[in-house]
Amino acid sequence: MSLRFVLDPELTPELRARIVALWVDVTNAGGAVGFVAPVTAEKVRTIADPTLAGIADGPDRLLLGYDDDRLVAMAIFTDPRFHLKTHLRVLTRVMIHPDTQGRGYGEALMREAERVARGLGLAALHVTVRDGLGLDRFYRRLGYREVGRWPGALRVAPGDDRDEILMWLGLAGQRHDQDHAAAG
């Protein structure tokens with residue numbers, strides 16, 4: 001079964017609750033989406049509410065993926081909110097429901113995000129990845145490359161600091177890609 005994607009859905013109270021439930025399930029299964037397990041819906045709402053406000057009232061965009069009518073995937077196109085970076089977006093809160101992993105949904109979500117980004121005329125997508133989970137390999141397979149690290153930037157537990165890996169996908173046909181390829 002393939003995913004059905006929806007860009008910028010109406011953020012009804014029901015959909016907000018479904019997004020929070022997905023976020024909780026992903027976190028509690030070990031996903032690196034801003035929290036460390038165990039987490040409750042109440043805790044997730046401390047980040048989800050302002051994040052969803054940035055979508056409803058601000059420049060951010062929401063991409064959801066459904067398996068039939070079940071919400072199983074999510075990514076947010078976060079605007080850098082800086083006039084010299086209007087040509088790119090940071091993908092945040094990229095997640096796939098844990099019981100659907102292994103079906104290609106993560107790749108499908110990222111390919112759809114890339115398609116949307118190209119349609120928006122963006123030059124690049126950026127993601128940050130928590131080291132130690134192998135997520136960087138996933139993004140590399142999709143064409144992202146590591147462009148930097150913040151050593152020990154993420155404290156997931158006392159004595160367990162992880163690097164934050166900065167990854168970049170230049171979108172073909174954009175000037176930045178051509179300049180960078182010539183320089184590299």
# chains A, B, ... in the order shown; residues from 1 in each chain; ligands from 1

call {"tool": "residues_around", "arguments": {"residues": "region 144-158 of chain A", "least_positions_apart": "2", "cutoff": "12 Å", "atoms": "only C-alpha atoms", "output": "ChimeraX atom specification"}}
result
/A:30-38,110-111,114,124-132,135-142,160-171,180

call {"tool": "residues_around", "arguments": {"residues": "Arg16 (chain A)", "least_positions_apart": "6", "cutoff": "9 Å", "atoms": "only C-alpha atoms", "output": "PyMOL selection string"}}
result
chain A and resi 48-49+52

call {"tool": "closest_residue", "arguments": {"among": "A:Leu71, A:Leu84, A:Val44, A:Val20", "to": "Tyr105 (chain A)", "atoms": "only C-alpha atoms"}}
result
A:Leu71

call {"tool": "atom_distance", "arguments": {"atom1": "CA of Glu14 (chain A)", "atom2": "CA of Gly119 (chain A)"}}
result
28.6 Å

call {"tool": "select_by_dssp", "arguments": {"residues": "region 114-181 of chain A", "states": "helix (DSSP H, G or I)", "output": "tab-separated table (two decimals) with N, CA, C and O atoms, in the first residue's frame"}}
result
chain	number	residue	atom	x	y	z
A	114	GLU	N	10.83	16.40	-1.01
A	114	GLU	CA	11.71	16.94	-2.06
A	114	GLU	C	10.87	17.47	-3.23
A	114	GLU	O	11.13	18.55	-3.76
A	115	ARG	N	9.84	16.73	-3.62
A	115	ARG	CA	8.97	17.15	-4.72
A	115	ARG	C	8.28	18.47	-4.37
A	115	ARG	O	8.23	19.40	-5.17
A	116	VAL	N	7.76	18.57	-3.14
A	116	VAL	CA	7.10	19.80	-2.69
A	116	VAL	C	8.09	20.95	-2.69
A	116	VAL	O	7.78	22.05	-3.15
A	117	ALA	N	9.30	20.70	-2.19
A	117	ALA	CA	10.32	21.76	-2.12
A	117	ALA	C	10.65	22.29	-3.51
A	117	ALA	O	10.77	23.50	-3.71
A	118	ARG	N	10.78	21.38	-4.46
A	118	ARG	CA	11.05	21.82	-5.84
A	118	ARG	C	9.88	22.66	-6.36
A	118	ARG	O	10.08	23.68	-7.02
A	119	GLY	N	8.66	22.22	-6.06
A	119	GLY	CA	7.48	22.97	-6.49
A	119	GLY	C	7.40	24.35	-5.87
A	119	GLY	O	6.84	25.27	-6.47
A	135	LEU	N	20.62	7.29	11.57
A	135	LEU	CA	19.73	8.05	10.70
A	135	LEU	C	20.48	8.74	9.56
A	135	LEU	O	19.92	8.94	8.48
A	136	ASP	N	21.72	9.08	9.80
A	136	ASP	CA	22.50	9.73	8.75
A	136	ASP	C	22.65	8.83	7.53
A	136	ASP	O	22.66	9.30	6.39
A	137	ARG	N	22.74	7.51	7.72
A	137	ARG	CA	22.83	6.58	6.58
A	137	ARG	C	21.55	6.65	5.73
A	137	ARG	O	21.61	6.62	4.50
A	138	PHE	N	20.40	6.72	6.40
A	138	PHE	CA	19.13	6.84	5.70
A	138	PHE	C	19.12	8.08	4.80
A	138	PHE	O	18.80	8.01	3.62
A	139	TYR	N	19.51	9.22	5.37
A	139	TYR	CA	19.49	10.46	4.60
A	139	TYR	C	20.53	10.46	3.48
A	139	TYR	O	20.27	10.99	2.40
A	140	ARG	N	21.68	9.84	3.73
A	140	ARG	CA	22.70	9.75	2.67
A	140	ARG	C	22.16	8.98	1.47
A	140	ARG	O	22.42	9.35	0.32
A	141	ARG	N	21.44	7.91	1.72
A	141	ARG	CA	20.86	7.13	0.62
A	141	ARG	C	19.90	7.96	-0.23
A	141	ARG	O	19.67	7.66	-1.39
A	175	ARG	N	21.20	27.32	-8.46
A	175	ARG	CA	22.52	27.93	-8.58
A	175	ARG	C	23.48	27.43	-7.50
A	175	ARG	O	24.63	27.18	-7.78
A	176	HIS	N	23.02	27.27	-6.28
A	176	HIS	CA	23.90	26.84	-5.17
A	176	HIS	C	24.52	25.48	-5.47
A	176	HIS	O	25.70	25.26	-5.22
A	177	ASP	N	23.74	24.55	-6.01
A	177	ASP	CA	24.27	23.23	-6.36
A	177	ASP	C	25.41	23.35	-7.36
A	177	ASP	O	26.43	22.71	-7.23
A	178	GLN	N	25.21	24.16	-8.38
A	178	GLN	CA	26.22	24.31	-9.42
A	178	GLN	C	27.49	24.94	-8.86
A	178	GLN	O	28.60	24.49	-9.14
A	179	ASP	N	27.34	25.97	-8.05
A	179	ASP	CA	28.50	26.62	-7.45
A	179	ASP	C	29.25	25.66	-6.55
A	179	ASP	O	30.47	25.59	-6.58
A	180	HIS	N	28.52	24.91	-5.74
A	180	HIS	CA	29.16	24.00	-4.80
A	180	HIS	C	29.86	22.86	-5.51
A	180	HIS	O	30.95	22.45	-5.15
A	181	ALA	N	29.23	22.34	-6.56
A	181	ALA	CA	29.84	21.24	-7.31
A	181	ALA	C	31.13	21.70	-7.96
A	181	ALA	O	32.12	20.97	-7.99

call {"tool": "atom_distance", "arguments": {"atom1": "CA of Ile96 (chain A)", "atom2": "CA of Ala56 (chain A)"}}
result
21.8 Å
